[in-house]
Amino acid sequence: MKQQTITSIQAKKGKEPIVMITAYDALFAKLFAPHVDIILVGDSLNMVFAGRPDTLSASMDQMIYHTQAVCAGAPHSFILFDMPYGSYVDKEKALKNAIKAYKQTCADAVKLEGGAEKASIIAHLTQNGIAVCGHIGLMPQHVRGAGGYKVVKDKQKLLDDAKALEDAGVFALILEGVKADIAADVTASVDVPVIGIGAGKDVDGQVLVWSDMLGFFTDFQPKFVRRYLNGADLAQEALKQYAQDVRTKRFPSEDESY
Ligand code: KIV
């Protein structure tokens with residue numbers, strides 16, 4: 001049985017912050033599962049895992065493959081499937097792909113980026129039994145069209161988008177790259193939980209990309225990321241030691257041999 005459902009997640013609004021993290025494979029999903037409410041198989045995997053410059057080339061097959069791995073590692077976690085760029089351009093395509101995600105993985109819900117302009121597509125999914133999490137504010141799938149990753153400051157548009165998505169039936173919203181005071185107002189304006197990333201503390205929960213918060217990604221550190229581990233440094237140290245042990249024949253020992 002799943003430890004969280006959309007009902008238990010919604011019941012946390014205003015009471016208990018929701019904890020979300022990304023994962024792309026079984027090993028890390030299993031490690032994260034006891035500590036978080038939601039595991040997001042984000043299309044950020046296209047950058048973190050596949051080494052691409054942005055999320056835009058992620059495909060449905062890629063998202064399904066990684067979600068299956070996460071499901072295997074964390075079968076009791078609430079798992080959110082990120083719909084990749086181009087997979088929800090119209091109602092029919094969105095429903096076909098969301099059904100594919102439901103049929104081929106254990107995902108509990110799908111996430112898609114977009115505000116009021118995507119409301120009719122989201123309504124089509126929710127009316128067909130798909131649980132949808134919206135994603136507004138800074139939308140990484142719009143990076144090329146927007147000319148970069150930019151903090152969003154248009155408060156009225158964010159309020160309108162949040163309301164339109166709530167009316168379309170989303171069970172939750174992700175709010176990314178928004179000034180903290182505006183994020184607080186957006187959060188107060190809807191009944192569904194608002195989970196922030198770079199949106200300050202006055203939201204209903206937080207999400208971070210695992211490789212950012214564990215310090216494995218070190219090319220740059222966005223202002224909103226807190227590193228809870230110096231993963232890259234620790235891994236480099238361990239690898240240096242291993243290489244030295246192999247080269248000096250200190251590994252394996254007798255105890256490590258058959
Ligand atoms: O793809 C992802 O990891 C995301 C988070 C940044 C919210 O969408």
# chains A, B, ... in the order shown; residues from 1 in each chain; ligands from 1
>>> residues_around(residues="range 177-180 of chain A", least_positions_apart="5", cutoff="8 Å", atoms="only C-alpha atoms", output="list in words")
Gly137, Leu138, Lys150, Val151, Val152, Lys153, Ile197, Gly198, Ala199, Gly200, Lys201 and Asp202 of chain A
>>> write_last_selection(atoms="N, CA and C atoms", output="PDB file, in the first residue's frame")
ATOM      1  N   GLY A 137       5.164  29.387 -12.565  1.00  0.00           N
ATOM      2  CA  GLY A 137       6.309  30.227 -12.215  1.00  0.00           C
ATOM      3  C   GLY A 137       7.399  29.985 -13.245  1.00  0.00           C
ATOM      4  N   LEU A 138       8.619  29.776 -12.769  1.00  0.00           N
ATOM      5  CA  LEU A 138       9.703  29.447 -13.698  1.00  0.00           C
ATOM      6  C   LEU A 138       9.472  28.022 -14.205  1.00  0.00           C
ATOM      7  N   LYS A 150      14.545  32.540 -15.444  1.00  0.00           N
ATOM      8  CA  LYS A 150      14.346  33.859 -14.826  1.00  0.00           C
ATOM      9  C   LYS A 150      13.324  33.798 -13.713  1.00  0.00           C
ATOM     10  N   VAL A 151      13.620  34.496 -12.625  1.00  0.00           N
ATOM     11  CA  VAL A 151      12.657  34.590 -11.516  1.00  0.00           C
ATOM     12  C   VAL A 151      11.404  35.294 -12.035  1.00  0.00           C
ATOM     13  N   VAL A 152      10.242  34.749 -11.661  1.00  0.00           N
ATOM     14  CA  VAL A 152       8.969  35.282 -12.176  1.00  0.00           C
ATOM     15  C   VAL A 152       8.395  36.282 -11.181  1.00  0.00           C
ATOM     16  N   LYS A 153       8.027  37.474 -11.710  1.00  0.00           N
ATOM     17  CA  LYS A 153       7.609  38.553 -10.796  1.00  0.00           C
ATOM     18  C   LYS A 153       6.181  39.018 -11.032  1.00  0.00           C
ATOM     19  N   ILE A 197       9.929  25.623  -5.014  1.00  0.00           N
ATOM     20  CA  ILE A 197      11.370  25.424  -5.284  1.00  0.00           C
ATOM     21  C   ILE A 197      11.871  26.808  -5.677  1.00  0.00           C
ATOM     22  N   GLY A 198      12.690  27.395  -4.843  1.00  0.00           N
ATOM     23  CA  GLY A 198      13.076  28.785  -5.069  1.00  0.00           C
ATOM     24  C   GLY A 198      11.887  29.709  -4.912  1.00  0.00           C
ATOM     25  N   ALA A 199      11.029  29.412  -3.946  1.00  0.00           N
ATOM     26  CA  ALA A 199       9.823  30.217  -3.744  1.00  0.00           C
ATOM     27  C   ALA A 199       9.665  30.597  -2.264  1.00  0.00           C
ATOM     28  N   GLY A 200      10.751  30.560  -1.524  1.00  0.00           N
ATOM     29  CA  GLY A 200      10.702  30.980  -0.124  1.00  0.00           C
ATOM     30  C   GLY A 200      10.060  29.945   0.789  1.00  0.00           C
ATOM     31  N   LYS A 201       9.810  30.398   2.034  1.00  0.00           N
ATOM     32  CA  LYS A 201       9.365  29.424   3.045  1.00  0.00           C
ATOM     33  C   LYS A 201       7.855  29.393   3.254  1.00  0.00           C
ATOM     34  N   ASP A 202       7.143  30.438   2.793  1.00  0.00           N
ATOM     35  CA  ASP A 202       5.708  30.496   3.097  1.00  0.00           C
ATOM     36  C   ASP A 202       4.863  29.792   2.038  1.00  0.00           C
TER      37      ASP A 202
END
>>> residues_near_ligand(ligand="ligand 1", cutoff="8 Å", atoms="only C-alpha atoms and all ligand atoms", output="list in words")
Thr22, Leu40, Val41, Gly42, Asp43, Ser44, Leu45, Thr55, Asp82, His135, Met139, Pro140, Ile174, Glu176, Ile197, Val207, Leu208 and Val209 of chain A
>>> closest_residue(among="A:Glu256, A:Asp204, A:Asp160, A:Asp212", to="Phe224 in chain A", atoms="only C-alpha atoms")
A:Asp212
>>> closest_residue(among="A:Ser120, A:Ser87, A:Gln68, A:Thr7", to="Tyr102 in chain A", atoms="only C-alpha atoms")
A:Gln68
>>> residues_around(residues="Leu95 in chain A", least_positions_apart="4", cutoff="7 Å", atoms="only C-alpha atoms", output="ChimeraX atom specification")
/A:91,99,125
>>> select_by_dssp(residues="range 10-253 of chain A", states="strand (DSSP E or B)", output="PyMOL selection string")
chain A and resi 18-22+38-41+78-82+109-114+132-137+152+172-176+178+194-197+205-208
>>> closest_residue(among="A:Tyr149, A:Trp210, A:Phe171, A:Tyr65", to="Ile130 in chain A", atoms="only C-alpha atoms")
A:Phe171
